[in-house]
Structures are given as C-alpha cells and as structure tokens.
$ cat coords_30.cif   # mmCIF, C-alpha atoms
data_start
#
loop_
_atom_site.label_atom_id
_atom_site.label_comp_id
_atom_site.auth_asym_id
_atom_site.auth_seq_id
_atom_site.Cartn_x
_atom_site.Cartn_y
_atom_site.Cartn_z
CA MET A 1 -10.26 28.19 -8.80
CA ALA A 2 -13.67 29.80 -9.31
CA SER A 3 -16.49 27.37 -10.08
CA GLY A 4 -16.91 28.87 -13.55
CA ASN A 5 -13.22 28.49 -14.29
CA PHE A 6 -12.64 25.06 -12.78
CA GLU A 7 -9.52 23.44 -14.19
CA LEU A 8 -9.41 19.72 -13.58
CA SER A 9 -5.68 19.68 -14.29
CA ALA A 10 -5.13 22.03 -11.32
CA PHE A 11 -7.38 20.10 -8.89
CA LEU A 12 -5.11 18.50 -6.28
CA PRO A 13 -7.07 15.24 -5.79
CA TYR A 14 -7.07 14.69 -9.55
CA ARG A 15 -3.34 15.37 -9.86
CA LEU A 16 -2.42 13.19 -6.89
CA ASN A 17 -4.57 10.31 -8.13
CA ARG A 18 -3.17 10.50 -11.64
CA ALA A 19 0.41 10.54 -10.41
CA ALA A 20 -0.18 7.74 -7.88
CA GLU A 21 -1.90 5.53 -10.45
CA PHE A 22 0.83 6.05 -13.02
CA VAL A 23 3.61 5.25 -10.56
CA ALA A 24 1.75 2.33 -8.93
CA LEU A 25 0.66 0.73 -12.22
CA ARG A 26 4.21 0.73 -13.62
CA PHE A 27 5.45 -1.05 -10.51
CA ALA A 28 2.42 -3.37 -10.52
CA ALA A 29 3.30 -4.46 -14.06
CA GLN A 30 6.74 -5.56 -12.79
CA TYR A 31 5.58 -7.63 -9.83
CA LYS A 32 2.65 -9.05 -11.78
CA ALA A 33 4.97 -10.22 -14.57
CA ARG A 34 7.41 -11.75 -12.12
CA TYR A 35 5.11 -13.16 -9.42
CA GLN A 36 1.55 -12.93 -10.80
CA LEU A 37 0.57 -10.81 -7.77
CA THR A 38 -2.39 -8.46 -7.73
CA ARG A 39 -2.05 -5.00 -6.21
CA PRO A 40 -3.90 -6.00 -3.01
CA GLU A 41 -1.69 -9.09 -2.68
CA TRP A 42 1.46 -6.98 -3.04
CA ARG A 43 0.18 -4.40 -0.55
CA THR A 44 -0.72 -7.13 1.96
CA LEU A 45 2.67 -8.79 1.54
CA ALA A 46 4.38 -5.40 1.89
CA ALA A 47 2.42 -4.52 5.03
CA LEU A 48 3.33 -7.80 6.72
CA GLY A 49 6.93 -7.74 5.53
CA SER A 50 7.61 -4.12 6.43
CA THR A 51 6.43 -4.46 10.02
CA GLY A 52 8.16 -7.78 10.64
CA ARG A 53 5.47 -8.83 13.09
CA PRO A 54 2.11 -10.60 12.96
CA MET A 55 -0.80 -8.30 12.09
CA SER A 56 -4.55 -8.64 11.99
CA ALA A 57 -6.39 -8.17 8.71
CA THR A 58 -7.75 -4.90 10.13
CA GLU A 59 -4.21 -3.69 10.77
CA VAL A 60 -3.15 -4.68 7.25
CA GLY A 61 -6.10 -2.73 5.84
CA ALA A 62 -5.26 0.37 7.88
CA HIS A 63 -1.55 0.09 7.03
CA SER A 64 -2.21 -0.18 3.31
CA ALA A 65 -5.45 1.83 3.02
CA MET A 66 -7.38 -1.15 1.63
CA HIS A 67 -10.97 -2.20 2.19
CA LYS A 68 -11.44 -5.33 4.28
CA THR A 69 -12.80 -7.37 1.37
CA LYS A 70 -9.65 -6.70 -0.68
CA VAL A 71 -7.50 -7.63 2.29
CA SER A 72 -9.51 -10.82 2.82
CA ARG A 73 -9.08 -11.91 -0.80
CA ALA A 74 -5.39 -11.06 -0.76
CA VAL A 75 -4.87 -13.01 2.46
CA ALA A 76 -6.61 -16.05 0.98
CA ALA A 77 -4.45 -15.88 -2.16
CA LEU A 78 -1.20 -15.46 -0.20
CA GLU A 79 -2.21 -18.29 2.12
CA GLU A 80 -2.86 -20.51 -0.89
CA ARG A 81 0.67 -19.75 -2.12
CA ARG A 82 1.90 -20.62 1.38
CA TRP A 83 3.36 -17.13 1.79
CA LEU A 84 1.43 -16.42 4.97
CA THR A 85 -0.19 -18.24 7.84
CA ARG A 86 -3.14 -17.41 10.03
CA SER A 87 -3.36 -18.13 13.74
CA GLU A 88 -6.19 -17.47 16.15
CA ASN A 89 -5.93 -14.75 18.74
CA GLU A 90 -6.14 -16.57 22.05
CA GLY A 91 -7.97 -13.67 23.69
CA ASP A 92 -10.52 -13.20 20.89
CA ARG A 93 -11.21 -16.06 18.50
CA ARG A 94 -12.81 -13.70 16.00
CA LEU A 95 -9.37 -12.21 15.33
CA GLU A 96 -6.57 -13.86 13.42
CA HIS A 97 -2.89 -13.04 13.37
CA LEU A 98 -1.33 -13.02 9.92
CA GLN A 99 2.35 -13.70 9.49
CA LEU A 100 4.64 -14.32 6.55
CA THR A 101 6.04 -17.81 6.17
CA LYS A 102 9.70 -18.36 5.29
CA ALA A 103 8.68 -18.51 1.62
CA GLY A 104 6.63 -15.32 2.01
CA ALA A 105 9.51 -13.50 3.68
CA GLY A 106 11.78 -14.65 0.85
CA ALA A 107 9.35 -13.36 -1.76
CA TYR A 108 9.06 -10.10 0.17
CA GLY A 109 12.85 -9.75 0.13
CA GLU A 110 12.96 -10.30 -3.63
CA LEU A 111 10.10 -7.87 -4.16
CA THR A 112 11.76 -5.18 -2.05
CA ALA A 113 14.83 -5.50 -4.27
CA LEU A 114 12.54 -5.00 -7.26
CA ALA A 115 10.96 -2.01 -5.47
CA ALA A 116 14.39 -0.50 -4.74
CA SER A 117 15.29 -0.81 -8.42
CA TYR A 118 12.02 0.88 -9.39
CA GLN A 119 12.66 3.64 -6.81
CA ALA A 120 16.09 4.25 -8.38
CA GLU A 121 14.42 4.49 -11.80
CA LEU A 122 11.96 7.06 -10.45
CA ASP A 123 14.76 8.99 -8.72
CA ALA A 124 16.66 9.22 -12.01
CA LEU A 125 13.56 10.13 -14.00
CA ILE A 126 12.37 12.86 -11.61
CA GLY A 127 15.82 14.04 -10.51
CA PRO A 128 17.08 15.06 -7.07
CA THR A 129 15.44 18.50 -7.07
CA GLY A 130 12.10 17.08 -8.16
CA MET A 131 12.28 14.26 -5.60
CA GLN A 132 13.07 16.73 -2.82
CA ALA A 133 10.18 18.97 -3.85
CA LEU A 134 7.87 15.98 -4.06
CA ALA A 135 8.95 14.79 -0.59
CA VAL A 136 8.27 18.24 0.88
CA GLY A 137 4.85 18.40 -0.79
CA LEU A 138 3.86 14.90 0.31
CA ASP A 139 5.03 15.65 3.86
CA ALA A 140 2.71 18.67 3.88
CA VAL A 141 -0.22 16.59 2.60
CA GLU A 142 0.45 13.86 5.18
CA ARG A 143 0.64 16.43 8.02
CA ALA A 144 -2.69 17.88 6.88
CA ILE A 145 -4.21 14.40 6.79
CA GLY A 146 -2.95 13.78 10.33
CA LYS A 147 -4.53 17.02 11.54
CA LEU A 148 -7.87 16.13 9.96
CA GLU A 149 -7.78 12.60 11.36
CA ARG A 150 -7.01 13.88 14.87
CA ARG A 151 -9.78 16.46 14.59
CA ASP A 152 -12.25 13.81 13.40
CA THR A 153 -11.41 11.45 16.29
CA GLU A 154 -11.80 14.27 18.83
CA ARG A 155 -15.39 14.82 17.77
#

$ encode --input "coords_30.cif" --output "structure tokens"
Amino acid sequence: MASGNFELSAFLPYRLNRAAEFVALRFAAQYKARYQLTRPEWRTLAALGSTGRPMSATEVGAHSAMHKTKVSRAVAALEERRWLTRSENEGDRRLEHLQLTKAGAGAYGELTALAASYQAELDALIGPTGMQALAVGLDAVERAIGKLERRDTER
C-alpha cells in the first residue's frame, strides 16, 4: 500500500472496525430491545458474568476494553437495576468489588442464551470455512497484540 495508492478498504484497522461495529451493533439492537441495556452495560454484565467472581471496575475495564468512565456509568446503571452490588475492599477502601446479584446472574444467563442464538446466526451466515478462516486471522491478530503488549511492558 504505497501512500499515493492508499486504499481505505484494504487498511486492516478500517476493515476490523467496520466488521466489529456491524456485528456488535446487530447484537446490541437485540439486547437493547429486550433489556434496554447500553453497550457498556452489556459489556460490564458480560465481564462479571463470564468470570463468575467479584471484579474491580479496573478489572472490568481491562476485560472489556472500556474506559473507566464508561465502566463507572455502566456500574451505576446496573446497580440501580439491582443486577450488581458493590463492596469495599477491606485492604484498600478506594477499591470496590463488583458482583452480580441473583437477578443480575439471571439476566446474564438469559443474555448468554441470546448471544448463543446470535452466534449461531453468524455461523450460518459466514459458514464453517469462513468462521475457521476468521478464527485463524483473529488468533494471529491477538498473538501480535500480545507480543506488542509484552514488549511495551518490558520497556
């Protein structure tokens, strides 16, 4: 890709972002219609539900690649719904542990069923060969990210 012949449609960050937004927005429309959840609320709920253990807001942000302000707003909204609780860290009162309530865990279970249905729809749409190729490509990207992150922390 020479600078004079730059093709946006061939630029990997552009392609990845477009694909991720398309896939994420279609799923977001489903959980928004059913539960009136925002994307940060869903991602916070998913982070807490998938680990099955209390997490700090910082851990939720790292797990879901969200900025702390988005996590904070999502936590407040989920707490208002009584889907999560906060408890102080006994060793450091500045930290809070976040945990799903019984109602939150129930909602997470229902939402994972919705997610599984959406995954099946994507599998059928893309097909087994396409899904395998996509998995191989994403694995390569994630390995590269890991290498860069390790290199950055070693500096």

$ resolve_selection --input "coords_30.cif" --expression "the PyMOL selection byres ((chain A and resi 108-111) around 10)" --output "PyMOL selection string"
chain A and resi 30-31+34-35+42+45-50+83+100+102-107+112-117

$ residues_around --input "coords_30.cif" --residues "Ala77 in chain A" --least-positions-apart "4" --cutoff "8 Å" --atoms "all atoms listed in the file" --output "list in words"
Glu41, Arg73 and Arg81 of chain A

$ atom_distance --input "coords_30.cif" --atom1 "CA of Leu8 in chain A" --atom2 "CA of Ala140 in chain A"
21.3 Å

$ resolve_selection --input "coords_30.cif" --expression "the PyMOL selection byres ((chain A and resi 55) around 10)" --output "PyMOL selection string"
chain A and resi 47-48+51-54+56-61+63+86+95-100

$ atom_distance --input "coords_30.cif" --atom1 "CA of Thr85 in chain A" --atom2 "CA of Arg43 in chain A"
16.2 Å

$ axis_aligned_box --input "coords_30.cif" --around "range 86-96 of chain A" --padding-each-side "8 Å" --output "JSON"
{"center_x": -8.0, "center_y": -15.2, "center_z": 16.9, "size_x": 25.7, "size_y": 21.9, "size_z": 29.7}

$ residues_around --input "coords_30.cif" --residues "Arg26 in chain A" --least-positions-apart "6" --cutoff "12 Å" --atoms "all atoms listed in the file" --output "ChimeraX atom specification"
/A:19-20,32-33,39,114-115,118-119,121-122

$ atom_distance --input "coords_30.cif" --atom1 "CA of Leu37 in chain A" --atom2 "CA of Ser64 in chain A"
15.6 Å

$ closest_residue --input "coords_30.cif" --among "A:Leu125, A:Leu84, A:Val71, A:Gly146" --to "Val23 in chain A" --atoms "only C-alpha atoms"
A:Leu125

$ decode --input "coords_30.cif" --residues "range 4-130 of chain A" --atoms "C-alpha atoms" --output "short mmCIF file (atom, residue, chain, number, x, y, z; two decimals), in the first residue's frame"
data_model
loop_
_atom_site.label_atom_id
_atom_site.label_comp_id
_atom_site.auth_asym_id
_atom_site.auth_seq_id
_atom_site.Cartn_x
_atom_site.Cartn_y
_atom_site.Cartn_z
CA GLY A 4 -0.14 7.54 -3.25
CA ASN A 5 -2.26 4.44 -3.76
CA PHE A 6 -3.76 4.14 -0.30
CA GLU A 7 -6.92 2.06 -0.33
CA LEU A 8 -9.01 2.53 2.76
CA SER A 9 -10.92 -0.67 2.01
CA ALA A 10 -7.64 -2.63 2.32
CA PHE A 11 -6.48 -0.93 5.55
CA LEU A 12 -6.70 -3.54 8.33
CA PRO A 13 -7.79 -1.20 11.17
CA TYR A 14 -10.60 0.13 8.98
CA ARG A 15 -11.76 -3.35 7.99
CA LEU A 16 -11.62 -4.71 11.53
CA ASN A 17 -13.50 -1.72 12.93
CA ARG A 18 -16.20 -1.92 10.27
CA ALA A 19 -16.72 -5.63 10.81
CA ALA A 20 -16.70 -5.32 14.61
CA GLU A 21 -19.17 -2.44 14.58
CA PHE A 22 -21.53 -4.23 12.23
CA VAL A 23 -21.51 -7.43 14.28
CA ALA A 24 -21.67 -5.62 17.65
CA LEU A 25 -24.46 -3.22 16.63
CA ARG A 26 -26.71 -6.04 15.39
CA PHE A 27 -26.33 -7.82 18.72
CA ALA A 28 -26.72 -4.53 20.63
CA ALA A 29 -30.07 -3.98 18.91
CA GLN A 30 -31.27 -7.32 20.31
CA TYR A 31 -30.28 -6.78 23.93
CA LYS A 32 -31.37 -3.15 23.84
CA ALA A 33 -34.82 -4.14 22.59
CA ARG A 34 -35.17 -6.87 25.19
CA TYR A 35 -33.47 -5.32 28.24
CA GLN A 36 -32.88 -1.64 27.41
CA LEU A 37 -29.14 -2.15 28.03
CA THR A 38 -26.44 0.07 26.59
CA ARG A 39 -23.30 -1.47 25.11
CA PRO A 40 -21.19 -0.58 28.18
CA GLU A 41 -23.84 -2.08 30.46
CA TRP A 42 -23.88 -5.31 28.44
CA ARG A 43 -20.07 -5.48 28.40
CA THR A 44 -19.90 -4.89 32.16
CA LEU A 45 -22.55 -7.53 32.81
CA ALA A 46 -20.73 -9.93 30.47
CA ALA A 47 -17.37 -9.33 32.14
CA LEU A 48 -18.78 -10.03 35.60
CA GLY A 49 -20.87 -12.97 34.46
CA SER A 50 -18.16 -14.66 32.42
CA THR A 51 -15.60 -14.65 35.22
CA GLY A 52 -18.04 -15.76 37.91
CA ARG A 53 -16.12 -13.84 40.57
CA PRO A 54 -16.10 -10.33 42.01
CA MET A 55 -14.06 -7.85 39.98
CA SER A 56 -12.92 -4.29 40.44
CA ALA A 57 -14.06 -1.63 37.99
CA THR A 58 -10.46 -1.51 36.70
CA GLU A 59 -10.59 -5.24 36.00
CA VAL A 60 -13.93 -4.87 34.22
CA GLY A 61 -12.44 -2.10 32.07
CA ALA A 62 -9.39 -4.19 31.17
CA HIS A 63 -11.53 -7.28 30.50
CA SER A 64 -13.88 -5.41 28.19
CA ALA A 65 -11.52 -2.75 26.79
CA MET A 66 -13.66 0.11 28.14
CA HIS A 67 -12.62 3.46 29.55
CA LYS A 68 -13.16 3.88 33.28
CA THR A 69 -15.88 6.50 32.86
CA LYS A 70 -17.96 4.12 30.73
CA VAL A 71 -17.45 1.37 33.28
CA SER A 72 -18.45 3.71 36.09
CA ARG A 73 -21.68 4.72 34.36
CA ALA A 74 -22.50 1.12 33.49
CA VAL A 75 -21.88 0.01 37.07
CA ALA A 76 -24.19 2.73 38.38
CA ALA A 77 -26.94 1.72 35.94
CA LEU A 78 -26.61 -2.00 36.73
CA GLU A 79 -26.59 -1.23 40.45
CA GLU A 80 -29.77 0.82 40.03
CA ARG A 81 -31.40 -2.21 38.36
CA ARG A 82 -30.16 -4.29 41.30
CA TRP A 83 -28.14 -6.50 38.95
CA LEU A 84 -24.88 -5.91 40.77
CA THR A 85 -23.60 -4.95 44.19
CA ARG A 86 -20.52 -3.11 45.32
CA SER A 87 -18.50 -3.97 48.40
CA GLU A 88 -15.42 -2.27 49.80
CA ASN A 89 -12.05 -3.92 49.61
CA GLU A 90 -11.02 -4.42 53.21
CA GLY A 91 -7.35 -3.87 52.38
CA ASP A 92 -7.89 -0.70 50.32
CA ARG A 93 -11.07 1.31 50.79
CA ARG A 94 -10.54 3.10 47.49
CA LEU A 95 -11.29 -0.17 45.68
CA GLU A 96 -14.68 -1.79 45.35
CA HIS A 97 -15.56 -5.35 44.44
CA LEU A 98 -18.38 -5.66 41.93
CA GLN A 99 -20.50 -8.78 41.85
CA LEU A 100 -23.68 -9.82 40.10
CA THR A 101 -26.76 -10.26 42.24
CA LYS A 102 -29.07 -13.23 41.75
CA ALA A 103 -31.17 -11.07 39.42
CA GLY A 104 -28.04 -9.97 37.55
CA ALA A 105 -26.84 -13.55 37.16
CA GLY A 106 -30.30 -14.49 35.87
CA ALA A 107 -30.23 -11.67 33.32
CA TYR A 108 -26.71 -12.71 32.32
CA GLY A 109 -27.95 -16.27 31.75
CA GLU A 110 -30.79 -15.03 29.55
CA LEU A 111 -28.45 -12.74 27.65
CA THR A 112 -25.94 -15.51 27.03
CA ALA A 113 -28.75 -17.56 25.50
CA LEU A 114 -29.50 -14.58 23.26
CA ALA A 115 -25.77 -14.34 22.45
CA ALA A 116 -25.59 -18.05 21.60
CA SER A 117 -28.53 -17.63 19.22
CA TYR A 118 -26.81 -14.65 17.58
CA GLN A 119 -23.55 -16.65 17.32
CA ALA A 120 -25.47 -19.43 15.54
CA GLU A 121 -26.90 -16.84 13.14
CA LEU A 122 -23.40 -15.54 12.40
CA ASP A 123 -22.06 -19.09 11.98
CA ALA A 124 -24.77 -19.83 9.41
CA LEU A 125 -24.28 -16.52 7.62
CA ILE A 126 -20.48 -16.76 7.39
CA GLY A 127 -20.30 -20.55 7.02
CA PRO A 128 -17.86 -23.04 8.55
CA THR A 129 -14.98 -22.25 6.19
CA GLY A 130 -15.36 -18.51 6.73
#
